[in-house]
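Report on the structure given below.
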Amino acid sequence: MDAAAIRGIIEKGLLQIAPEAEFDDLQPTENIREELDIDSFDFLNFLIGLNEELGVDIPESDYEKLITMNDLTAYLEEKLQ
């Protein structure tokens with residue numbers, strides 16, 4: 001799966017917890033949680049949704065690595081290889 005497909009899945013998941021999200025305005029290096037005003041519970045639900053959608057296990061110890069769209073995309077791309 002390429003980065004564009006992964007980004008599409010990430011955006012789909014984020015829209016479920018932040019339906020007002022404007023991804024055209026979100027820079028790939030910005031903090032997703034801050035920019036979209038996502039609390040920790042919603043972010044956890046988002047990561048669970050990614051796990052269900054992609055079959056990628058995301059251990060709790062890796063949550064702090066997943067800050068930006070670039071972080072999420074690279075992390076998932078690596079796990080899907």
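Chain lettering (A, B, ...) mirrors the order of the structure tokens, residue numbering begins at 1 for each chain separately, and ligand numbering begins at 1 in order of display.
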Non-local contacts of A:Gly13 (10 Å; only C-alpha atoms; under 6 positions in same chain excluded) as a list in words |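 Close residues of A:Gly13: Arg7, Pro19, Phe43, Asn45, Phe46, Leu47, Ile48, Gly49, Leu50 and Glu53 of chain A.
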Next, write the just-selected residues to a file, as a PDB file, in the first residue's frame, keeping C-alpha atoms as the atom set.
```pdb
ATOM      1  CA  ARG A   7      -3.145   8.945   4.011  1.00  0.00           C
ATOM      2  CA  PRO A  19     -15.961  15.590  11.168  1.00  0.00           C
ATOM      3  CA  PHE A  43      -7.182   9.601  19.491  1.00  0.00           C
ATOM      4  CA  ASN A  45     -10.414   5.314  19.211  1.00  0.00           C
ATOM      5  CA  PHE A  46      -8.831   6.594  15.995  1.00  0.00           C
ATOM      6  CA  LEU A  47      -5.811   4.295  16.474  1.00  0.00           C
ATOM      7  CA  ILE A  48      -8.100   1.348  17.207  1.00  0.00           C
ATOM      8  CA  GLY A  49      -9.957   2.132  13.982  1.00  0.00           C
ATOM      9  CA  LEU A  50      -6.663   2.119  12.061  1.00  0.00           C
ATOM     10  CA  GLU A  53      -8.995  -1.093   8.993  1.00  0.00           C
TER      11      GLU A  53
END
```
A:Asp39, A:Gln16, A:Asn70, A:Pro59 ranked by distance to A:Ala4, top pick (using only C-alpha atoms) =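 That would be A:Asn70, the residue with the smallest distance to A:Ala4.
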Closest of A:Ile67, A:Ile6, A:Leu36, A:Ile58 to A:Ala18 - atom-to-atom distances counting only C-alpha atoms = A:Leu36
Identify, with DSSP run on backbone atoms, the residues in stretch 4-78 of chain A assigned to alpha helix (DSSP H), and express the list as an NGL selection string.
-> :A and (4-17 or 32-36 or 40-54 or 69-78)
